[in-house]
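Worksheet for the structure shown next.
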Amino acid sequence: MKRTLPLLLLAALSLACVQAAFSQQDMKVLAPAALGKLTRPAAQFNHDPHNEKAKLDDCVICHHGGADGKQDKSVSTEGTPCADCHKVKSVGKNTGLQRAYHKQCIDCHKAKGKGPVACGQCHKR
Amino acid sequence: MNAAYEFVTGPLAWLAWGIFLLGSAFRLASMYQLAKAKDAPSLAFMSWSYSLRSIVNWLIPFNALGWRKSPAMTVATFVFHICLLVAPIFLVAHVMLWDQFFGVSYVTIPDSVTDILTLVVIGACLFFAGRRFLQPDVRYLTTGKDWLALVIVLAPFLTGFLAYHQLLDYDLMVILHVVAGEIMLAAIPFTRLSHMVFAVFTRAYMGSEFGGVRHARDW
């Protein structure tokens with residue numbers, strides 16, 4: 001018992017690390033903590049399969065950089081949550097978090113003529 | 001799905017709003033011409049104060065004699081019209097679409113509340129339908145046009161409720177919902193729903209005639 005507890009803790013910890021490193025592979029829905037309690041079912045987003053199916057090889061298509069109100073599409077920021085740069089309440093000309101998601105996801109689906117565009121297609125019950 | 005959604009939320013939406021706004025303007029203009037040709041003296045009697053007096057008095061529930069005659073109908077009418085306007089205008093998803101398409105945004109009502117308002121509208125529609133079926137005098141006066149107006153109004157609320165709760169086929173239901181809303185808009189100038197445009201003028205006309213000519217109240 002004395003030795004199993006630390007071992008279990010170690011196992012749990014390493015599992016958590018692995019989970020963090022590969023988490024986008026398991027990402028099925030988007031429910032960023034910044035938005036707090038969601039009013040709608042979390043949006044469907046199966047990260048890797050989505051990008052494979054949609055043939056999005058370049059991470060910067062979604063994970064752009066930028067600061068001070070200027071988007072920078074030459075710097076990729078994968079792993080940085082959108083919420084780090086897009087505040088829930090938009091300040092000034094900065095795109096708010098919910099708008100950032102909607103604009104990025106829906107604009108592309110509209111442009112490509114494929115992928116969900118109506119509320120319930122992403123926010124599936 | 002995407003092509004259908006683009007079509008109904010794009011060109012079809014512009015068409016529906018165009019028919020609603022231009023059609024309403026046209027109906028008002030032609031009604032004014034008709035009044036001028038057939039009943040010119042009445043236009044001379046039109047008065048702001050008598051008009052407003054009549055409108056305000058009819059806007060107060062149970063104030064007008066007409067409202068006191070059938071209390072159930074009065075309650076249903078007021079509640080129905082308030083929910084009918086408030087639910088779609090302040091619905092989160094609709095405001096979000098204004099924002100998405102035009103960058104304009106304003107206050108919203110939580111979905112849990114608009115959900116209830118929607119059910120109230122549906123319930124009131126059923127009440128009106130029941131009344132047309134069951135009350136002999138109303139039944140006698142009812143024509144196909146009354147049923148058409150009722151169905152046109154019920155449709156967007158029913159499909160909206162089903163789409164929001166994702167009951168039945170969602171993709172089909174959102175499209176149906178958008179189209180039903182557009183049919184309602186476009187139908188306003190040309191069906192029984194035109195009372196939305198004409199009601200204030202009808203009241204103003206009655207109020208002015210009763211106030212200025214007959215020296216009586218019309219409520």
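FYI, nothing fancy with the structure tokens labels: chains A, B, ... in order, residues from 1 per chain, ligands from 1 as they appear.
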Return the neighbours of chain B among the residues of chain A, cut-off 12 Å, counting only C-alpha atoms, as a ChimeraX atom specification.
/A:38-41,95,98-104,106-125
Please list as a list in words every residue within 10 Å of Cys82 (chain A), counting only C-alpha atoms and excluding residues in the same chain fewer than 2 positions away.
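Near Cys82 (chain A), the qualifying residues are Pro32, Ala34, Cys62, His63, His64, Gly65, Thr77, Glu78, Gly79, Thr80, Asp84, Cys85, His86, Lys87, Gly96, Leu97, Gln98, Ala100 and Tyr101 of chain A.
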How would the residues just chosen look if you wrote them out with N, CA and C atoms as a CSV table (one decimal), in the first residue's frame?
chain,number,residue,atom,x,y,z
A,32,PRO,N,-13.6,26.2,-24.2
A,32,PRO,CA,-12.5,26.9,-23.5
A,32,PRO,C,-13.0,27.4,-22.2
A,34,ALA,N,-12.2,30.0,-20.7
A,34,ALA,CA,-12.4,31.4,-20.6
A,34,ALA,C,-13.9,31.8,-20.8
A,62,CYS,N,-5.1,28.6,-38.8
A,62,CYS,CA,-5.9,28.9,-37.6
A,62,CYS,C,-5.1,29.5,-36.4
A,63,HIS,N,-3.9,29.0,-36.3
A,63,HIS,CA,-3.1,29.4,-35.1
A,63,HIS,C,-2.2,30.6,-35.6
A,64,HIS,N,-2.8,31.7,-35.9
A,64,HIS,CA,-2.0,32.9,-36.3
A,64,HIS,C,-1.4,33.6,-35.1
A,65,GLY,N,-0.5,34.5,-35.4
A,65,GLY,CA,0.1,35.3,-34.3
A,65,GLY,C,-0.4,36.8,-34.4
A,77,THR,N,1.2,30.0,-33.8
A,77,THR,CA,1.1,29.9,-32.4
A,77,THR,C,0.4,28.7,-31.9
A,78,GLU,N,0.5,27.6,-32.6
A,78,GLU,CA,-0.2,26.4,-32.1
A,78,GLU,C,0.1,26.1,-30.7
A,79,GLY,N,-0.9,25.7,-29.9
A,79,GLY,CA,-0.7,25.4,-28.5
A,79,GLY,C,-1.1,26.6,-27.6
A,80,THR,N,-1.1,27.8,-28.2
A,80,THR,CA,-1.6,29.0,-27.5
A,80,THR,C,-3.1,29.1,-27.6
A,84,ASP,N,-6.0,33.6,-25.1
A,84,ASP,CA,-4.8,34.4,-24.6
A,84,ASP,C,-4.8,35.7,-25.3
A,85,CYS,N,-5.2,35.8,-26.6
A,85,CYS,CA,-5.2,37.0,-27.3
A,85,CYS,C,-6.6,37.6,-27.6
A,86,HIS,N,-7.6,36.8,-27.6
A,86,HIS,CA,-9.0,37.3,-27.8
A,86,HIS,C,-9.7,37.2,-26.5
A,87,LYS,N,-10.0,38.4,-26.0
A,87,LYS,CA,-10.7,38.5,-24.7
A,87,LYS,C,-12.2,38.2,-24.9
A,96,GLY,N,-13.5,39.9,-30.2
A,96,GLY,CA,-13.9,39.1,-29.0
A,96,GLY,C,-13.8,37.6,-29.3
A,97,LEU,N,-13.7,36.8,-28.2
A,97,LEU,CA,-13.4,35.4,-28.3
A,97,LEU,C,-14.5,34.7,-29.1
A,98,GLN,N,-15.7,34.9,-28.7
A,98,GLN,CA,-16.8,34.1,-29.4
A,98,GLN,C,-16.8,34.5,-30.9
A,100,ALA,N,-14.3,35.6,-32.6
A,100,ALA,CA,-13.1,35.0,-33.3
A,100,ALA,C,-13.4,33.6,-33.7
A,101,TYR,N,-13.9,32.8,-32.8
A,101,TYR,CA,-14.2,31.4,-33.2
A,101,TYR,C,-15.2,31.4,-34.4
Quick one, how far is CA of His94 (chain B) from CA of Phe198 (chain B)?
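Separation of CA of His94 (chain B) and CA of Phe198 (chain B): 26.2 Å.
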What is the distance, in Å and to one decimal place, between CA of Leu30 (chain A) and CA of Ala42 (chain A)?
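Here the two named atoms are 5.8 Å from each other.
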Skipping near chain neighbours, those fewer than 3 positions away, what residues fall within 12 Å of region 131-138 of chain B using only C-alpha atoms, listed as a PyMOL selection string?
chain B and resi 70+72-73+76+124-128+141-144+146-147+150
Pull N, CA, C and O atoms from the residues just selected and write them as a CSV table (one decimal), in the first residue's frame.
chain,number,residue,atom,x,y,z
B,70,SER,N,-64.5,40.5,-24.2
B,70,SER,CA,-64.0,39.1,-24.1
B,70,SER,C,-62.6,39.0,-23.5
B,70,SER,O,-61.6,39.1,-24.2
B,72,ALA,N,-60.7,36.7,-22.1
B,72,ALA,CA,-59.7,35.7,-22.5
B,72,ALA,C,-59.1,36.1,-23.8
B,72,ALA,O,-57.8,36.0,-23.9
B,73,MET,N,-59.8,36.5,-24.7
B,73,MET,CA,-59.3,36.9,-26.0
B,73,MET,C,-58.4,38.1,-25.9
B,73,MET,O,-57.4,38.2,-26.6
B,76,ALA,N,-55.1,36.9,-24.4
B,76,ALA,CA,-54.4,36.2,-25.5
B,76,ALA,C,-53.8,37.2,-26.5
B,76,ALA,O,-52.6,37.0,-26.9
B,124,ALA,N,-50.8,30.6,-28.1
B,124,ALA,CA,-51.8,31.6,-28.5
B,124,ALA,C,-52.4,31.3,-29.9
B,124,ALA,O,-53.6,31.5,-30.1
B,125,CYS,N,-51.5,30.9,-30.8
B,125,CYS,CA,-52.0,30.5,-32.2
B,125,CYS,C,-53.0,29.4,-32.1
B,125,CYS,O,-54.1,29.4,-32.7
B,126,LEU,N,-52.8,28.4,-31.2
B,126,LEU,CA,-53.7,27.3,-31.0
B,126,LEU,C,-55.0,27.8,-30.4
B,126,LEU,O,-56.1,27.4,-30.8
B,127,PHE,N,-54.9,28.8,-29.5
B,127,PHE,CA,-56.1,29.3,-28.9
B,127,PHE,C,-56.9,30.1,-29.9
B,127,PHE,O,-58.1,29.9,-30.0
B,128,PHE,N,-56.3,30.9,-30.8
B,128,PHE,CA,-57.0,31.6,-31.8
B,128,PHE,C,-57.7,30.6,-32.8
B,128,PHE,O,-58.8,30.8,-33.2
B,141,LEU,N,-67.8,34.1,-39.4
B,141,LEU,CA,-67.0,35.2,-40.0
B,141,LEU,C,-65.7,34.8,-40.6
B,141,LEU,O,-65.1,35.5,-41.4
B,142,THR,N,-65.2,33.6,-40.2
B,142,THR,CA,-63.9,33.1,-40.6
B,142,THR,C,-63.8,32.7,-42.1
B,142,THR,O,-64.7,32.0,-42.5
B,143,THR,N,-62.8,33.2,-42.7
B,143,THR,CA,-62.6,32.8,-44.1
B,143,THR,C,-61.2,32.2,-44.3
B,143,THR,O,-60.4,32.2,-43.3
B,144,GLY,N,-60.9,31.7,-45.4
B,144,GLY,CA,-59.6,31.1,-45.7
B,144,GLY,C,-58.4,32.1,-45.4
B,144,GLY,O,-57.4,31.6,-45.0
B,146,ASP,N,-58.1,34.2,-43.0
B,146,ASP,CA,-57.8,34.2,-41.6
B,146,ASP,C,-56.9,33.0,-41.3
B,146,ASP,O,-56.0,33.1,-40.5
B,147,TRP,N,-57.3,31.8,-41.8
B,147,TRP,CA,-56.5,30.6,-41.6
B,147,TRP,C,-55.1,30.8,-42.1
B,147,TRP,O,-54.1,30.4,-41.5
B,150,LEU,N,-52.9,32.9,-39.9
B,150,LEU,CA,-52.6,32.1,-38.7
B,150,LEU,C,-51.4,31.1,-39.0
B,150,LEU,O,-50.5,31.0,-38.2
Can you pull out every residue from chain A that DSSP, working from the backbone, puts in alpha helix (DSSP H), and format the result as an MDAnalysis selection string?
chainID A and resid 4:26 47:53 97:112 119:122
Based on DSSP run over this structure's backbone, return all residues of chain A in strand (DSSP E or B), as a list in words.
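Going through chain A, the strand (DSSP E or B) residues come out as Val29, Leu30, Ala43, Gln44, Gly65, Gly66, Ala67, Lys70, Gln71 and Asp72 of chain A.
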Straight-line distance linking CA of Leu117 (chain B) with CA of Ala87 (chain B), stated in Å to one decimal:
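The value is 6.1 Å.
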Considering only C-alpha atoms, state which residue in the set A:Pro81, A:Asn94, A:Lys70, A:Ala54 is at the smallest distance from Ala33 (chain A).
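Closest residue, counting only C-alpha atoms: A:Pro81.
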